[in-house]
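Participant: Below is the file my_file18.txt, with compact mmCIF, C-alpha atoms.
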```txt
# COMPACT_ATOMS: atom_id res chain seq x y z
CA MET Z 1 144.52 -241.92 104.31
CA ALA Z 2 147.23 -239.28 103.79
CA THR Z 3 144.61 -236.52 104.23
CA ILE Z 4 143.39 -238.08 107.48
CA SER Z 5 146.99 -238.31 108.66
CA SER Z 6 147.63 -234.61 107.97
CA ASN Z 7 144.41 -233.59 109.71
CA LEU Z 8 145.29 -235.59 112.82
CA LEU Z 9 148.70 -233.91 113.00
CA PHE Z 10 147.09 -230.48 112.65
CA ILE Z 11 144.58 -231.28 115.42
CA ALA Z 12 147.44 -232.41 117.68
CA PHE Z 13 149.34 -229.19 116.99
CA ILE Z 14 146.31 -227.03 117.87
CA LEU Z 15 145.66 -229.01 121.06
CA TYR Z 16 149.29 -228.58 122.11
CA LEU Z 17 148.98 -224.82 121.59
CA ILE Z 18 145.81 -224.64 123.70
CA ALA Z 19 147.35 -226.89 126.36
CA THR Z 20 150.33 -224.53 126.64
CA LEU Z 21 147.98 -221.65 127.40
CA PHE Z 22 146.33 -223.72 130.13
CA TYR Z 23 149.73 -224.62 131.59
CA GLY Z 24 150.43 -220.89 131.76
CA GLY Z 25 147.05 -220.32 133.42
CA SER Z 26 147.79 -223.08 135.91
CA ILE Z 27 151.11 -221.54 136.95
CA LYS Z 28 149.66 -218.02 137.14
CA SER Z 29 146.81 -219.28 139.33
CA LYS Z 30 149.22 -221.03 141.67
CA ASN Z 31 151.46 -218.00 141.91
CA GLU Z 32 148.56 -215.68 142.70
CA LYS Z 33 147.16 -217.96 145.39
CA ASN Z 34 150.54 -219.31 146.49
CA GLU Z 35 149.02 -222.77 146.28
CA LYS Z 36 150.89 -225.87 147.36
CA ALA Z 37 148.48 -228.21 145.57
CA GLU Z 38 150.14 -230.35 142.92
CA THR Z 39 147.69 -229.64 140.11
CA ASN Z 40 144.76 -227.19 139.89
CA THR Z 41 141.86 -227.22 137.43
CA TRP Z 42 143.83 -225.34 134.77
CA GLY Z 43 146.62 -227.88 135.06
CA LYS Z 44 144.26 -230.85 134.82
CA ILE Z 45 142.70 -229.46 131.65
CA ALA Z 46 146.18 -228.80 130.21
CA VAL Z 47 147.30 -232.37 130.87
CA LEU Z 48 144.05 -233.76 129.40
CA LEU Z 49 144.49 -231.69 126.24
CA THR Z 50 148.12 -232.84 126.00
CA ILE Z 51 147.08 -236.49 126.22
CA ILE Z 52 144.32 -236.04 123.61
CA GLY Z 53 146.80 -234.24 121.35
CA PHE Z 54 149.33 -237.05 121.80
CA ILE Z 55 146.68 -239.65 120.89
CA SER Z 56 145.80 -237.59 117.81
CA GLN Z 57 149.46 -237.40 116.78
CA LEU Z 58 149.84 -241.11 117.40
CA GLY Z 59 146.88 -241.57 115.05
CA TYR Z 60 148.75 -239.44 112.47
CA PHE Z 61 151.81 -241.66 112.85
CA ILE Z 62 149.83 -244.90 112.41
CA THR Z 63 147.74 -243.70 109.44
CA ARG Z 64 150.81 -242.31 107.67
CA TRP Z 65 152.60 -245.62 108.27
CA ILE Z 66 149.65 -247.43 106.64
CA ALA Z 67 149.59 -245.00 103.71
CA ALA Z 68 153.37 -245.12 103.16
CA GLY Z 69 153.86 -248.82 103.80
CA HIS Z 70 156.82 -248.10 106.09
CA ALA Z 71 157.55 -246.32 109.36
CA PRO Z 72 157.20 -242.55 108.73
CA VAL Z 73 160.68 -241.59 109.92
CA SER Z 74 162.56 -241.58 106.60
CA ASN Z 75 162.90 -237.83 105.93
CA MET Z 76 163.15 -234.55 107.84
CA PHE Z 77 159.39 -234.00 108.05
CA GLU Z 78 158.66 -237.51 109.29
CA PHE Z 79 161.59 -237.79 111.69
CA THR Z 80 161.04 -234.37 113.23
CA THR Z 81 157.31 -234.89 113.75
CA PHE Z 82 158.08 -238.24 115.40
CA PHE Z 83 160.66 -236.51 117.59
CA GLY Z 84 158.01 -233.97 118.62
CA MET Z 85 155.55 -236.77 119.40
CA ALA Z 86 158.15 -238.65 121.43
CA LEU Z 87 158.93 -235.44 123.36
CA VAL Z 88 155.26 -235.03 124.30
CA GLY Z 89 155.03 -238.71 125.24
CA ALA Z 90 158.12 -238.41 127.44
CA PHE Z 91 156.63 -235.36 129.15
CA ILE Z 92 153.36 -237.20 129.86
CA VAL Z 93 155.26 -240.05 131.52
CA ILE Z 94 157.41 -237.66 133.57
CA TYR Z 95 154.34 -235.64 134.56
CA PHE Z 96 152.59 -238.65 136.07
CA ILE Z 97 155.74 -239.42 138.05
CA TYR Z 98 156.37 -235.90 139.42
CA ARG Z 99 153.00 -234.13 138.94
CA THR Z 100 154.39 -230.73 137.96
CA THR Z 101 152.55 -228.62 135.39
CA LEU Z 102 155.42 -226.12 135.22
CA LEU Z 103 157.42 -228.68 133.25
CA GLY Z 104 154.61 -228.66 130.67
CA LEU Z 105 154.83 -224.90 130.31
CA PHE Z 106 158.48 -225.22 129.29
CA THR Z 107 158.26 -228.55 127.40
CA MET Z 108 155.19 -228.00 125.23
CA PRO Z 109 156.50 -224.86 123.47
CA VAL Z 110 159.62 -226.84 122.51
CA ALA Z 111 157.43 -229.64 121.11
CA ILE Z 112 155.31 -227.07 119.25
CA LEU Z 113 158.42 -225.48 117.75
CA VAL Z 114 159.73 -228.90 116.70
CA ILE Z 115 156.46 -229.81 114.93
CA ALA Z 116 156.21 -226.36 113.33
CA TYR Z 117 159.82 -226.73 112.17
CA ALA Z 118 158.95 -230.12 110.64
CA SER Z 119 155.98 -228.67 108.76
CA MET Z 120 158.30 -226.50 106.67
CA PHE Z 121 159.79 -229.55 104.92
CA PRO Z 122 158.19 -231.47 102.01
CA ARG Z 123 155.34 -233.62 103.35
CA GLU Z 124 154.74 -235.86 100.36
CA ILE Z 125 154.91 -239.62 100.91
CA THR Z 126 157.71 -241.00 98.76
CA PRO Z 127 159.06 -244.54 98.24
CA LEU Z 128 162.06 -245.53 100.34
CA ILE Z 129 165.44 -245.41 98.65
CA PRO Z 130 167.30 -248.77 98.72
CA ALA Z 131 169.51 -247.74 101.68
CA LEU Z 132 166.40 -247.31 103.86
CA GLN Z 133 164.54 -250.46 102.86
CA SER Z 134 165.18 -252.34 106.08
CA TYR Z 135 163.31 -253.11 109.29
CA TRP Z 136 166.28 -251.47 111.04
CA LEU Z 137 164.84 -248.15 109.87
CA HIS Z 138 162.03 -248.64 112.38
CA ILE Z 139 164.31 -249.84 115.15
CA HIS Z 140 167.27 -247.47 114.83
CA VAL Z 141 165.51 -244.19 114.04
CA THR Z 142 162.57 -244.50 116.43
CA THR Z 143 164.76 -245.56 119.34
CA ALA Z 144 167.25 -242.76 118.72
CA ALA Z 145 164.41 -240.21 118.53
CA MET Z 146 162.86 -241.49 121.76
CA GLY Z 147 166.23 -241.24 123.51
CA GLU Z 148 166.66 -237.66 122.31
CA ALA Z 149 163.10 -236.81 123.39
CA ILE Z 150 163.70 -238.03 126.93
CA LEU Z 151 166.97 -236.08 127.04
CA ALA Z 152 165.00 -233.01 125.90
CA ILE Z 153 162.94 -233.25 129.11
CA SER Z 154 166.23 -232.79 130.95
CA PHE Z 155 166.71 -229.59 128.94
CA ALA Z 156 163.28 -228.25 129.93
CA ALA Z 157 163.94 -228.98 133.61
CA GLY Z 158 167.43 -227.46 133.36
CA LEU Z 159 165.99 -224.35 131.72
CA ILE Z 160 163.49 -223.96 134.57
CA TYR Z 161 166.35 -224.29 137.06
CA LEU Z 162 168.42 -221.59 135.35
CA VAL Z 163 165.50 -219.17 134.96
CA LYS Z 164 164.82 -219.57 138.67
CA ALA Z 165 168.42 -219.54 139.94
CA ILE Z 166 170.09 -216.85 137.82
CA ASP Z 167 169.83 -213.27 139.03
CA GLN Z 168 168.28 -211.25 136.19
CA THR Z 169 168.65 -207.85 137.86
CA LYS Z 170 172.03 -207.19 136.23
CA PRO Z 171 173.71 -208.50 133.07
CA ASN Z 172 176.53 -211.04 133.40
CA LYS Z 173 177.85 -214.14 131.63
CA GLN Z 174 175.04 -216.30 132.98
CA THR Z 175 172.26 -214.00 131.82
CA PHE Z 176 173.97 -213.60 128.43
CA TRP Z 177 174.23 -217.32 127.70
CA LEU Z 178 170.76 -218.05 129.01
CA GLU Z 179 169.43 -215.41 126.65
CA VAL Z 180 171.42 -217.00 123.80
CA VAL Z 181 169.44 -220.20 124.47
CA MET Z 182 166.19 -218.20 124.33
CA PHE Z 183 167.33 -216.64 121.05
CA ALA Z 184 168.02 -220.11 119.60
CA LEU Z 185 164.44 -221.15 120.38
CA VAL Z 186 163.12 -217.95 118.79
CA THR Z 187 165.26 -218.67 115.71
CA VAL Z 188 163.33 -221.91 115.13
CA LEU Z 189 160.17 -219.82 115.11
CA GLY Z 190 161.96 -217.43 112.76
CA PHE Z 191 162.59 -220.33 110.38
CA VAL Z 192 158.88 -221.16 110.39
CA ALA Z 193 157.92 -217.52 109.77
CA VAL Z 194 160.42 -216.96 106.94
CA SER Z 195 159.56 -220.27 105.25
CA SER Z 196 155.85 -219.48 105.46
CA ILE Z 197 156.32 -216.01 103.94
CA PHE Z 198 158.31 -217.24 100.93
CA SER Z 199 155.95 -220.19 100.51
CA ALA Z 200 152.98 -217.79 100.39
CA MET Z 201 154.88 -215.79 97.75
CA ASP Z 202 155.46 -219.05 95.81
CA TYR Z 203 159.13 -218.08 95.50
CA HIS Z 204 161.26 -220.37 93.29
CA GLU Z 205 164.57 -220.15 91.48
CA LYS Z 206 166.52 -222.92 89.79
CA PHE Z 207 170.25 -223.62 89.46
CA ASN Z 208 172.50 -226.10 87.69
CA TRP Z 209 175.53 -226.99 89.81
CA ILE Z 210 178.45 -229.42 90.17
CA ASP Z 211 178.57 -231.75 93.19
CA LYS Z 212 181.68 -233.10 94.94
CA HIS Z 213 181.78 -236.06 92.51
CA ASP Z 214 181.81 -233.65 89.51
CA ASN Z 215 178.25 -234.58 88.54
CA GLN Z 216 176.04 -231.87 87.09
CA LEU Z 217 172.77 -231.56 89.00
CA SER Z 218 169.88 -229.14 89.28
CA VAL Z 219 168.44 -227.65 92.47
CA GLU Z 220 165.43 -225.45 93.16
CA TYR Z 221 165.50 -222.79 95.88
CA THR Z 222 162.38 -221.66 97.71
CA MET Z 223 164.14 -218.65 99.27
CA PRO Z 224 166.45 -216.04 97.68
CA ALA Z 225 169.90 -217.61 97.32
CA ILE Z 226 172.24 -215.85 99.73
CA THR Z 227 174.48 -218.93 99.42
CA GLY Z 228 174.60 -220.48 95.98
CA PRO Z 229 175.59 -224.01 94.93
CA HIS Z 230 179.10 -224.98 93.82
CA ASP Z 231 179.78 -223.77 90.25
CA GLY Z 232 176.12 -222.80 90.12
CA GLU Z 233 174.38 -221.44 87.04
CA LEU Z 234 171.19 -219.46 87.69
CA LEU Z 235 168.47 -220.64 85.31
CA THR Z 236 165.55 -218.55 86.56
CA LYS Z 237 165.13 -215.28 84.68
CA ASN Z 238 165.57 -212.25 86.96
CA GLY Z 239 166.36 -214.57 89.87
CA PHE Z 240 168.37 -213.45 92.89
CA LYS Z 241 172.08 -213.97 92.26
CA PRO Z 242 173.87 -215.66 95.20
CA LEU Z 243 176.11 -213.51 97.36
CA VAL Z 244 178.40 -216.45 98.22
CA GLU Z 245 179.17 -219.68 96.37
CA MET Z 246 179.47 -222.68 98.69
CA PRO Z 247 181.96 -225.57 98.29
CA ALA Z 248 180.56 -228.85 97.00
CA PHE Z 249 180.68 -230.66 100.38
CA ILE Z 250 178.23 -228.14 101.91
CA ASN Z 251 174.55 -228.26 101.01
CA ALA Z 252 174.16 -224.71 99.73
CA LYS Z 253 170.37 -224.75 99.60
CA LYS Z 254 170.00 -225.88 103.18
CA SER Z 255 172.73 -223.59 104.49
CA ASN Z 256 170.80 -220.80 102.77
CA THR Z 257 167.76 -221.87 104.79
CA VAL Z 258 169.81 -221.67 108.01
CA ILE Z 259 170.95 -218.13 107.17
CA TRP Z 260 167.40 -216.98 106.44
CA SER Z 261 166.31 -218.60 109.72
CA LEU Z 262 168.91 -216.57 111.61
CA ILE Z 263 167.70 -213.41 109.88
CA GLY Z 264 164.11 -214.23 110.79
CA GLY Z 265 165.17 -215.10 114.33
CA LEU Z 266 166.99 -211.79 114.79
CA ILE Z 267 163.98 -209.81 113.59
CA LEU Z 268 161.54 -211.81 115.71
CA TYR Z 269 163.77 -211.66 118.78
CA GLY Z 270 164.07 -207.89 118.38
CA LEU Z 271 160.28 -207.57 118.22
CA ILE Z 272 159.81 -209.73 121.32
CA ARG Z 273 162.39 -207.76 123.28
CA SER Z 274 160.80 -204.45 122.24
CA VAL Z 275 157.44 -205.69 123.58
CA LEU Z 276 158.77 -207.23 126.80
CA ARG Z 277 161.35 -204.48 127.40
CA GLN Z 278 163.50 -207.02 129.21
CA ARG Z 279 165.31 -210.28 128.55
CA ILE Z 280 163.04 -213.23 127.73
CA ALA Z 281 164.47 -215.20 130.66
CA ALA Z 282 163.70 -212.27 132.99
CA ALA Z 283 160.10 -212.20 131.72
CA LEU Z 284 159.75 -215.92 132.52
CA LYS Z 285 161.18 -215.62 136.02
CA PRO Z 286 157.88 -214.81 137.80
CA LEU Z 287 156.45 -218.10 136.50
CA VAL Z 288 159.00 -220.18 138.41
CA LYS Z 289 159.04 -218.34 141.73
CA ASN Z 290 157.30 -221.17 143.63
CA ILE Z 291 159.33 -224.04 142.15
CA LYS Z 292 161.87 -225.89 144.31
CA LEU Z 293 165.30 -226.03 142.70
CA ASP Z 294 166.14 -229.48 144.09
CA PHE Z 295 162.92 -230.79 142.54
CA VAL Z 296 163.66 -229.71 138.95
CA ASP Z 297 167.31 -230.72 139.40
CA GLU Z 298 166.14 -234.26 140.17
CA ILE Z 299 163.84 -234.31 137.12
CA SER Z 300 166.69 -233.16 134.90
CA TYR Z 301 169.08 -235.79 136.24
CA ARG Z 302 166.61 -238.68 136.09
CA SER Z 303 165.65 -237.77 132.52
CA VAL Z 304 169.29 -238.21 131.51
CA LEU Z 305 169.51 -241.48 133.45
CA ILE Z 306 166.59 -242.83 131.40
CA GLY Z 307 167.30 -241.14 128.07
CA PHE Z 308 171.02 -241.90 127.88
CA PRO Z 309 170.75 -245.73 127.60
CA VAL Z 310 167.82 -245.43 125.16
CA PHE Z 311 169.87 -243.05 122.99
CA THR Z 312 172.88 -245.38 123.26
CA LEU Z 313 170.82 -248.28 121.91
CA GLY Z 314 169.19 -246.33 119.07
CA ALA Z 315 171.83 -243.87 117.91
CA LEU Z 316 174.93 -246.05 118.34
CA ILE Z 317 174.35 -249.79 118.78
CA PHE Z 318 171.36 -250.22 116.45
CA ALA Z 319 172.89 -247.70 114.03
CA MET Z 320 176.15 -249.65 113.82
CA ILE Z 321 174.32 -252.92 113.22
CA TRP Z 322 172.35 -251.34 110.37
CA ALA Z 323 175.48 -249.68 108.97
CA GLN Z 324 177.18 -253.07 108.84
CA MET Z 325 174.23 -254.53 106.96
CA ALA Z 326 173.79 -251.57 104.56
CA TRP Z 327 177.37 -250.43 103.95
CA SER Z 328 179.46 -253.43 105.18
CA ARG Z 329 181.11 -251.44 107.94
CA PHE Z 330 180.12 -250.49 111.49
CA TRP Z 331 181.56 -246.98 111.39
CA GLY Z 332 182.51 -244.56 108.64
CA TRP Z 333 182.96 -241.11 110.19
CA ASP Z 334 179.92 -239.78 108.36
CA PRO Z 335 178.96 -236.34 109.80
CA LYS Z 336 175.76 -237.74 111.31
CA GLU Z 337 177.65 -240.61 112.92
CA VAL Z 338 180.27 -238.25 114.32
CA TRP Z 339 177.68 -235.98 115.93
CA ALA Z 340 175.79 -238.94 117.36
CA LEU Z 341 179.08 -239.99 118.99
CA ILE Z 342 179.71 -236.43 120.23
CA THR Z 343 176.21 -236.38 121.75
CA TRP Z 344 176.81 -239.73 123.45
CA LEU Z 345 180.20 -238.65 124.81
CA PHE Z 346 178.70 -235.42 126.15
CA TYR Z 347 175.95 -237.14 128.11
CA ALA Z 348 178.44 -239.75 129.34
CA ALA Z 349 180.53 -236.84 130.64
CA PHE Z 350 177.36 -235.33 132.15
CA LEU Z 351 176.74 -238.46 134.22
CA HIS Z 352 180.40 -238.76 135.16
CA LEU Z 353 180.60 -235.15 136.36
CA ARG Z 354 177.31 -235.51 138.22
CA LEU Z 355 178.15 -238.77 139.97
CA SER Z 356 181.90 -238.44 140.51
CA LYS Z 357 182.55 -234.71 140.69
CA GLY Z 358 179.37 -233.57 142.40
CA TRP Z 359 178.14 -231.32 139.61
CA HIS Z 360 174.64 -230.75 140.92
CA GLY Z 361 172.35 -227.75 140.68
CA GLU Z 362 173.31 -224.96 138.31
CA LYS Z 363 176.30 -226.76 136.76
CA SER Z 364 174.12 -229.77 136.00
CA ALA Z 365 171.38 -227.53 134.56
CA TRP Z 366 173.86 -225.87 132.20
CA LEU Z 367 175.04 -229.31 131.05
CA ALA Z 368 171.43 -230.33 130.35
CA VAL Z 369 170.90 -227.20 128.26
CA ILE Z 370 174.17 -227.64 126.35
CA GLY Z 371 173.30 -231.28 125.65
CA PHE Z 372 170.03 -230.26 124.02
CA VAL Z 373 171.87 -227.64 121.95
CA ILE Z 374 174.10 -230.45 120.64
CA ILE Z 375 171.02 -232.55 119.82
CA MET Z 376 169.42 -229.66 117.92
CA PHE Z 377 172.68 -228.89 116.12
CA ASN Z 378 172.70 -232.51 114.96
CA LEU Z 379 169.06 -232.26 113.87
CA VAL Z 380 169.30 -228.87 112.18
CA ALA Z 381 172.84 -227.93 111.12
CA VAL Z 382 174.23 -231.40 110.36
CA ASN Z 383 171.10 -232.45 108.47
CA LEU Z 384 170.71 -229.17 106.62
CA VAL Z 385 174.26 -228.04 105.89
CA ILE Z 386 176.79 -230.88 105.78
CA ALA Z 387 176.43 -233.40 102.97
CA GLY Z 388 176.91 -237.03 103.96
CA LEU Z 389 175.47 -240.53 103.73
CA HIS Z 390 172.50 -239.39 105.80
CA SER Z 391 171.65 -236.52 103.42
CA TYR Z 392 168.70 -238.50 102.09
CA ALA Z 393 166.98 -237.57 105.37
CA GLY Z 394 166.71 -233.96 104.22
```
Please express the file's structure as structure tokens.
Facilitator:
Amino acid sequence: MATISSNLLFIAFILYLIATLFYGGSIKSKNEKNEKAETNTWGKIAVLLTIIGFISQLGYFITRWIAAGHAPVSNMFEFTTFFGMALVGAFIVIYFIYRTTLLGLFTMPVAILVIAYASMFPREITPLIPALQSYWLHIHVTTAAMGEAILAISFAAGLIYLVKAIDQTKPNKQTFWLEVVMFALVTVLGFVAVSSIFSAMDYHEKFNWIDKHDNQLSVEYTMPAITGPHDGELLTKNGFKPLVEMPAFINAKKSNTVIWSLIGGLILYGLIRSVLRQRIAAALKPLVKNIKLDFVDEISYRSVLIGFPVFTLGALIFAMIWAQMAWSRFWGWDPKEVWALITWLFYAAFLHLRLSKGWHGEKSAWLAVIGFVIIMFNLVAVNLVIAGLHSYAG
């Protein structure tokens, strides 16, 4: 069953890749013919492949659930693959409302990156620790992920708006920050590349270290230790000695992964720029020349209108109920809880500024992009670097 599950996920990933190419072909065809039709043949094939891929990934989710005996959302691999599936599902729903294939061209690469990112984490099925043995695992985590996925559609629409609206002929603050967003996406791909290289090399080194409770533990690195564990002792003969020793409250192994991801991202971004000979956002601009700004602005706004209450239920209300049952308190200022609150406050401010202050258009698009950056910071940096009660999700 576990093998079937893995195969279904791989099939979904390949179908998403092919669908992205067809979305690109659809947009190129429209641009060349200046078509006003909602969807051409390329677009229809792309949407069909996306739906088949989603069904395949849904099959992965169900078969893994059967094999594990619990909802497969209990660690980084499972949660992130579910987040990717929810993102694709949210796109499919939005597509059938607005019938725009351009959204697929910007959404599917994000989903592909998310699933590729997930594949770098351990994929073994393991028993649930006591803290996770509750039906609230299914309710809280899946609802929070679905809320974040719908909010991610707002990011894709906002990104389209900015690529279209910002003048790329000369550098300024807008082009700089838009390119920073592009670099962040490339960095995720850099993480996948670096992890794959060291995995192929079968790189391992082991440390003994002291955690924040003065317990002696052991940890195994799968990348050279730029950041070493607190009071770490290298056990591997001829292993790479850490350049920096991290304090006990920071997960040194995972922060090391983040640093290597940035290194990989910088190298990959440099290669892409040398090939394109222009900013990534500038290279994407021809793809959006026929899109109406008011149209993608509406998609971005409505995605937040739908995603915000779903996220509120999953990440805050259901989370607090479960926290009360598991830890006898609704709130404990755990890093994950704090960033969930920050995310909620940000999107609450987004809606307030949109409805009360008239922040439409470019301002709204920037807010949608920043919101997704916060979501990804919560998923990546908080999960990988800061130790807390949710560290079992790593």
Participant: What's the 12 Å shell around Z:Arg302, counting all atoms listed in the file, without same-chain residues fewer than 6 positions away, as a list in words?
Facilitator: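 Counting only the stated atoms, we get Ile94, Ile97, Tyr98, Ile150, Leu151, Ala152, Ile153, Ser154, Phe155, Ala157, Gly158, Phe295, Val296, Phe308, Pro309, Phe350, Leu351, Arg354, Ser364 and Ala368 of chain Z.
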Participant: With C-alpha atoms retained, export the selected residues as a JSON list (two decimals), in the frame of the given file.
Facilitator:
```json
[["chain", "number", "residue", "atom", "x", "y", "z"],
["Z", 94, "ILE", "CA", 157.41, -237.66, 133.57],
["Z", 97, "ILE", "CA", 155.74, -239.42, 138.05],
["Z", 98, "TYR", "CA", 156.37, -235.90, 139.42],
["Z", 150, "ILE", "CA", 163.70, -238.03, 126.93],
["Z", 151, "LEU", "CA", 166.97, -236.08, 127.04],
["Z", 152, "ALA", "CA", 165.00, -233.01, 125.90],
["Z", 153, "ILE", "CA", 162.94, -233.25, 129.11],
["Z", 154, "SER", "CA", 166.23, -232.79, 130.95],
["Z", 155, "PHE", "CA", 166.71, -229.59, 128.94],
["Z", 157, "ALA", "CA", 163.94, -228.98, 133.61],
["Z", 158, "GLY", "CA", 167.43, -227.46, 133.36],
["Z", 295, "PHE", "CA", 162.92, -230.79, 142.54],
["Z", 296, "VAL", "CA", 163.66, -229.71, 138.95],
["Z", 308, "PHE", "CA", 171.02, -241.90, 127.88],
["Z", 309, "PRO", "CA", 170.75, -245.73, 127.60],
["Z", 350, "PHE", "CA", 177.36, -235.33, 132.15],
["Z", 351, "LEU", "CA", 176.74, -238.46, 134.22],
["Z", 354, "ARG", "CA", 177.31, -235.51, 138.22],
["Z", 364, "SER", "CA", 174.12, -229.77, 136.00],
["Z", 368, "ALA", "CA", 171.43, -230.33, 130.35]]
```
Participant: Return as a tab-separated table the residues of stretch 298-375 of chain Z lying at most 10 Å from stretch 128-148 of chain Z, together with the closest atom-to-atom pair for each and the distance in Å to one decimal, counting all atoms listed in the file, with rows in chain order and ascending residue number.
Facilitator:
```
residue	atom	partner	partner_atom	distance
Z:Ser303	CA	Z:Gly147	CA	9.7
Z:Val304	CA	Z:Gly147	CA	9.1
Z:Ile306	CA	Z:Gly147	CA	8.1
Z:Gly307	CA	Z:Gly147	CA	4.7
Z:Phe308	CA	Z:Gly147	CA	6.5
Z:Pro309	CA	Z:Gly147	CA	7.6
Z:Val310	CA	Z:Gly147	CA	4.8
Z:Phe311	CA	Z:Gly147	CA	4.1
Z:Thr312	CA	Z:Ala144	CA	7.7
Z:Leu313	CA	Z:Thr143	CA	7.1
Z:Gly314	CA	Z:Ala144	CA	4.1
Z:Ala315	CA	Z:Ala144	CA	4.8
Z:Leu316	CA	Z:Ala144	CA	8.4
Z:Ile317	CA	Z:His140	CA	8.4
Z:Phe318	CA	Z:His140	CA	5.2
Z:Ala319	CA	Z:His140	CA	5.7
Z:Met320	CA	Z:His140	CA	9.2
Z:Ile321	CA	Z:Trp136	CA	8.5
Z:Trp322	CA	Z:Trp136	CA	6.1
Z:Ala323	CA	Z:Trp136	CA	9.6
Z:Met325	CA	Z:Ser134	CA	9.4
Z:Ala326	CA	Z:Ala131	CA	6.4
Z:Trp327	CA	Z:Ala131	CA	8.6
Z:Ala340	CA	Z:Ala144	CA	9.5
Z:Thr343	CA	Z:Glu148	CA	9.7
Z:Gly371	CA	Z:Glu148	CA	9.8
Z:Phe372	CA	Z:Glu148	CA	8.3
Z:Ile375	CA	Z:Glu148	CA	7.2
```
Participant: Give me, please, the distance in Å between atom CA of Z:Lys336 and atom CA of Z:Ser261, quoted to one decimal.
Facilitator: 21.4 Å
Participant: Would you kindly return, as a ChimeraX atom specification, each protein, DNA or RNA residue with an atom no farther than 10 Å from any atom of stretch 7-17 of chain Z, considering all atoms listed in the file and excluding same-chain residues fewer than 4 positions away?
Facilitator: /Z:1-3,21-22,46-61,63,81,85,88,108-109,111-113,115-116,119
Participant: Nearest to Z:Trp260 among Z:Gln216, Z:Asn172, Z:Asn208, Z:Thr187, with distances taken over only C-alpha atoms: which residue is it?
Facilitator: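 Of the candidates, the smallest distance to Z:Trp260 is held by Z:Thr187.
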Participant: Take atom CA of Z:Val192 and atom CA of Z:Phe207 and report the distance between them in Å, one decimal.
Facilitator: 23.9 Å
Participant: Would you compute the distance between atom CA of Z:Val338 and atom CA of Z:Phe249? Give it in Å to one decimal.
Facilitator: 15.9 Å
Participant: Neighbours of Z:Arg123 within 12 Å (only C-alpha atoms; same-chain residues fewer than 6 positions away dropped), as a list in words?
Facilitator: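 The neighbour list is Ala2, Thr3, Ser5, Ser6, Leu9, Arg64, Ala68, Pro72, Val73, Ser74, Asn75, Met76, Phe77, Glu78, Phe79, Thr80, Thr81 and Gly394 of chain Z.
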Participant: Which residue gives the smallest distance to Z:Ile66 among Z:Ala281, Z:Ser199, Z:Ile4, Z:Leu235, with only C-alpha atoms counted?
Facilitator: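 Residue with the minimum atom-to-atom distance to Z:Ile66: Z:Ile4.
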Participant: Looking at Z:Ile45, Z:Ala193, Z:Ala282, Z:Val288, which one is nearest to Z:Gln168, with distances taken over only C-alpha atoms?
Facilitator: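 That would be Z:Ala282, the residue with the smallest distance to Z:Gln168.
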Participant: Extract, using all atoms listed in the file, all DNA, RNA and protein residues at most 12 Å from Z:Gln174, discarding same-chain residues fewer than 4 positions from it, and format them as JSON, numbers by chain.
Facilitator: {"Z": [162, 163, 165, 166, 167, 168, 169, 170, 178, 179, 180, 181, 281, 362, 363, 365, 366]}
Participant: Which residues come within 12 Å of Z:Glu233, counting all atoms listed in the file, excluding same-chain residues fewer than 4 positions away, as a list of chain:residue names?
Facilitator: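 The residues that qualify are Z:Glu205, Z:Lys206, Z:Phe207, Z:Asn208, Z:Trp209, Z:Ile210, Z:Gln216, Z:Leu217, Z:Ser218, Z:Val219, Z:Glu220, Z:Ala225, Z:Gly228, Z:Pro229, Z:Lys237, Z:Gly239, Z:Phe240, Z:Lys241, Z:Pro242, Z:Glu245.
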Participant: Between Z:Gly361, Z:Pro127, Z:Gly270, Z:Pro171, which has the minimum distance to Z:Lys292 (counting all atoms listed in the file)?
Facilitator: Z:Gly361
Participant: Of the candidates Z:Leu105, Z:Leu185, Z:Val110, Z:Val244, which shows the shortest atom-to-atom distance to Z:Ala86, using only C-alpha atoms?
Facilitator: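 Of Z:Leu105, Z:Leu185, Z:Val110, Z:Val244, the one nearest Z:Ala86 is Z:Val110, counting only C-alpha atoms.
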Participant: Using all atoms listed in the file, pick whichever of Z:Leu305, Z:Leu293, Z:Ala90, Z:Ile342 has the shortest atom-to-atom distance to Z:His360.
Facilitator: Z:Leu293
